[in-house]
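Read the structure below first, then the notes.
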Amino acid sequence: MQKINWYPGHMNKAKNQIEERLSLVDVVIEVLDARVPESSRNPVVAKLTENKPKVIVLNKSDLADPKLTKRWKNHYENETTVVVSLDSKHNSKLPELLKAIKQASAAKIEKLTQKGVVNPIIRAICVGIPNCGKSTILNRLVGKNVAVVGNKPGVTKNQNWLKVNQQIELLDTPGILWPKFEDPKVGMKLAAIGSIKETVFQFDDVALFLLDYLHAFYPKQLDKYLNTIEFDDNLPDLLMSMTQKFGFREDYDRYSYHFIQQVRKLKLGQFTFDFLTEVDHENDN
Ligand code: GDP
């Protein structure tokens with residue numbers, strides 16, 4: 001995991017760097033974590049990329065609730081944005097993503113072809129907050145084609161284009177953006193999925209957040225896990241009962257950590273921690 005402490009100075013630097021690099025590309029690949037599509041979105045990315053065709057990747061979809069991934073896909077899709085859900089860890093080639101890049105850049109390809117350009121090249125960059133899977137996607141796309149396309153004009157210092165195929169080139173370093181930290185709920189969600197440093201939160205706070213969320217949105221799965229333990233509205237008491245029942249004696253913190261791991265490893269099910277709206281959820285039940 002990349003350990004970055006985001007201070008206003010760092011955010012400004014990241015923003016300027018991304019703006020500079022965005023001016024070099026035809027398509028932006030915005031990578032989100034499918035478990036937290038909104039919470040893993042940089043707060044200004046929509047503004048930064050508003051004039052570019054875009055592919056939104058709902059990555060780590062193998063860990064998310066498939067029904068909600070579909071909903072988020074529909075939600076983000078529009079005339080200039082193509083959305084794909086991916087499990088880039090377990091798939092060595094990402095044909096859906098290549099197709100999406102082509103689709104998003106269709107207008108540009110058409111324009112270049114009309115101008116007489118033979119085999120037009122589309123240039124892209126991956127952007128997203130730390131740990132959402134940018135490097136994994138980049139490696140999958142580039143595969144063995146690590147051959148650098150070269151220092152063509154317009155490539156900033158220490159930046160190179162990597163060849164994906166005959167039509168697509170990718171900037172060799174992804175754009176790292178900061179997460180939304182102002183909203184404490186977002187912080188909890190990112191901690192729950194393991195996307196922020198473990199030293200900046202208390203395990204029991206995250207475990208309590210998960211109990212509350214699962215009780216509200218995935219009650220059946222939580223009940224199954226609790227088995228004979230009766231749900232208790234007093235969540236710290238419930239967490240203590242779980243600690244004892246699951247053999248952790250009085251070690252509330254160690255059990256909290258274990259419970260978070262169980263959720264991350266899908267022992268209770270595949271969950272998404274951002275619902276489109278609460279109304280959406282109510283319609284489901
Ligand atoms: P980056 O910081 O955005 O470049 O993220 P990385 O590419 O380094 O990925 C962070 C972690 O997530 C790594 O442990 C990857 O193996 C894992 N990862 C990336 N994509 C997926 C995915 O689609 N599914 C799962 N389960 N894990 C993934």
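By convention in this document, the chains of the structure tokens carry letters A, B, ... by their order, each chain's residues are numbered from 1, and ligands are numbered from 1 in the order they are shown.
Near ligand 1, at distances of 7 Å or less and with only C-alpha atoms and all ligand atoms counted, sit the residues Met1, Gln2, Asn59, Lys60, Ser61, Asp62, Leu63, Leu86, Asp87, Ser88, Lys89, His90, Gly128, Ile129, Pro130, Asn131, Cys132, Gly133, Lys134, Ser135, Thr136 and Ile137 of chain A.
Summary of the local environment: counting only C-alpha atoms, residues at most 6 Å from segment 67-83 of chain A, other than itself and those fewer than 4 positions away along its chain, are Pro53, Lys54, Val55, Ile56 and Val57 of chain A.
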(message) If I take atom CA of Lys163 of chain A and atom CA of Leu48 of chain A, how far is one from the other in Å, to one decimal?
(response)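 We find that atom CA of Lys163 of chain A and atom CA of Leu48 of chain A lie 24.8 Å from each other.
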(message) Just want the 12 Å neighbourhood of Leu239 of chain A, counted on only C-alpha atoms, with same-chain residues fewer than 5 positions away dropped. Output as a VMD selection string.
(response) chain A and resid 203 to 212 226 229 to 234 244 to 246 248 to 260
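Excluding Thr173 of chain A and any residue on its chain fewer than 5 positions from it, the residues at most 12 Å away by only C-alpha atoms are Gln17, Ile18, Arg21, Ala124, Ile125, Cys126, Val127, Gly128, Lys134, Ser135, Thr136, Ile137, Leu138, Asn139, Val142, Val155, Thr156, Lys157, Asn158, Gln159, Asn160, Trp161 and Leu162 of chain A.
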(message) With distances taken over only C-alpha atoms, which residue among A:Ile101, A:Met11, A:Leu190, A:Ile122 lies nearest Val44 of chain A?
(response)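 Between A:Ile101, A:Met11, A:Leu190, A:Ile122, the residue approaching Val44 of chain A most closely is A:Met11.
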(request) Rank A:Gly175, A:Leu235, A:Ile168, A:Ala64 by their smallest atom-to-atom distance to Lys265 of chain A, using only C-alpha atoms, and report the top residue only. (result)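 Looking at the shortest contact to Lys265 of chain A, the residue is A:Ala64.
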(request) Output as a list in words all residues of segment 90-134 of chain A that backbone DSSP marks as alpha helix (DSSP H). (result) Pro95, Glu96, Leu97, Leu98, Lys99, Ala100, Ile101, Lys102, Gln103, Ala104, Ala106, Ala107, Lys108, Ile109, Glu110, Lys111, Leu112, Thr113, Gln114 and Lys134 of chain A
Could the residues in this selection be saved with N, CA and C atoms as a tab-separated table (two decimals), in the first residue's frame?
```tsv
chain	number	residue	atom	x	y	z
A	95	PRO	N	-9.74	-7.42	-21.83
A	95	PRO	CA	-10.33	-7.04	-23.13
A	95	PRO	C	-11.49	-6.05	-22.98
A	96	GLU	N	-12.25	-6.16	-21.88
A	96	GLU	CA	-13.39	-5.24	-21.70
A	96	GLU	C	-12.88	-3.81	-21.60
A	97	LEU	N	-11.74	-3.66	-20.93
A	97	LEU	CA	-11.20	-2.32	-20.75
A	97	LEU	C	-10.68	-1.76	-22.08
A	98	LEU	N	-10.03	-2.62	-22.86
A	98	LEU	CA	-9.54	-2.16	-24.17
A	98	LEU	C	-10.71	-1.71	-25.04
A	99	LYS	N	-11.78	-2.50	-24.97
A	99	LYS	CA	-12.97	-2.16	-25.75
A	99	LYS	C	-13.55	-0.82	-25.28
A	100	ALA	N	-13.57	-0.64	-23.96
A	100	ALA	CA	-14.11	0.60	-23.39
A	100	ALA	C	-13.27	1.81	-23.80
A	101	ILE	N	-11.95	1.64	-23.83
A	101	ILE	CA	-11.07	2.76	-24.22
A	101	ILE	C	-11.36	3.15	-25.67
A	102	LYS	N	-11.52	2.11	-26.50
A	102	LYS	CA	-11.82	2.37	-27.92
A	102	LYS	C	-13.16	3.07	-28.08
A	103	GLN	N	-14.12	2.59	-27.30
A	103	GLN	CA	-15.47	3.17	-27.36
A	103	GLN	C	-15.44	4.64	-26.93
A	104	ALA	N	-14.72	4.91	-25.83
A	104	ALA	CA	-14.67	6.28	-25.31
A	104	ALA	C	-13.95	7.21	-26.28
A	106	ALA	N	-13.92	6.86	-29.61
A	106	ALA	CA	-14.42	6.67	-30.98
A	106	ALA	C	-14.49	7.99	-31.77
A	107	ALA	N	-14.97	9.06	-31.10
A	107	ALA	CA	-15.12	10.33	-31.80
A	107	ALA	C	-13.75	10.86	-32.25
A	108	LYS	N	-12.77	10.73	-31.36
A	108	LYS	CA	-11.42	11.20	-31.66
A	108	LYS	C	-10.82	10.39	-32.82
A	109	ILE	N	-11.01	9.08	-32.78
A	109	ILE	CA	-10.48	8.21	-33.85
A	109	ILE	C	-11.11	8.63	-35.19
A	110	GLU	N	-12.40	8.85	-35.14
A	110	GLU	CA	-13.14	9.24	-36.34
A	110	GLU	C	-12.59	10.55	-36.91
A	111	LYS	N	-12.35	11.51	-36.01
A	111	LYS	CA	-11.85	12.81	-36.42
A	111	LYS	C	-10.47	12.68	-37.09
A	112	LEU	N	-9.60	11.90	-36.43
A	112	LEU	CA	-8.25	11.72	-36.97
A	112	LEU	C	-8.28	10.98	-38.30
A	113	THR	N	-9.16	10.00	-38.39
A	113	THR	CA	-9.26	9.23	-39.63
A	113	THR	C	-9.72	10.14	-40.76
A	114	GLN	N	-10.69	11.00	-40.44
A	114	GLN	CA	-11.19	11.93	-41.47
A	114	GLN	C	-10.10	12.89	-41.94
A	134	LYS	N	-4.56	0.89	-9.65
A	134	LYS	CA	-4.04	1.53	-10.86
A	134	LYS	C	-2.84	0.77	-11.45
```
(request) Measuring atom to atom with only C-alpha atoms, identify which of A:Leu58, A:Ala46, A:Val263, A:Leu276 is nearest to Tyr225 of chain A. (result) A:Val263
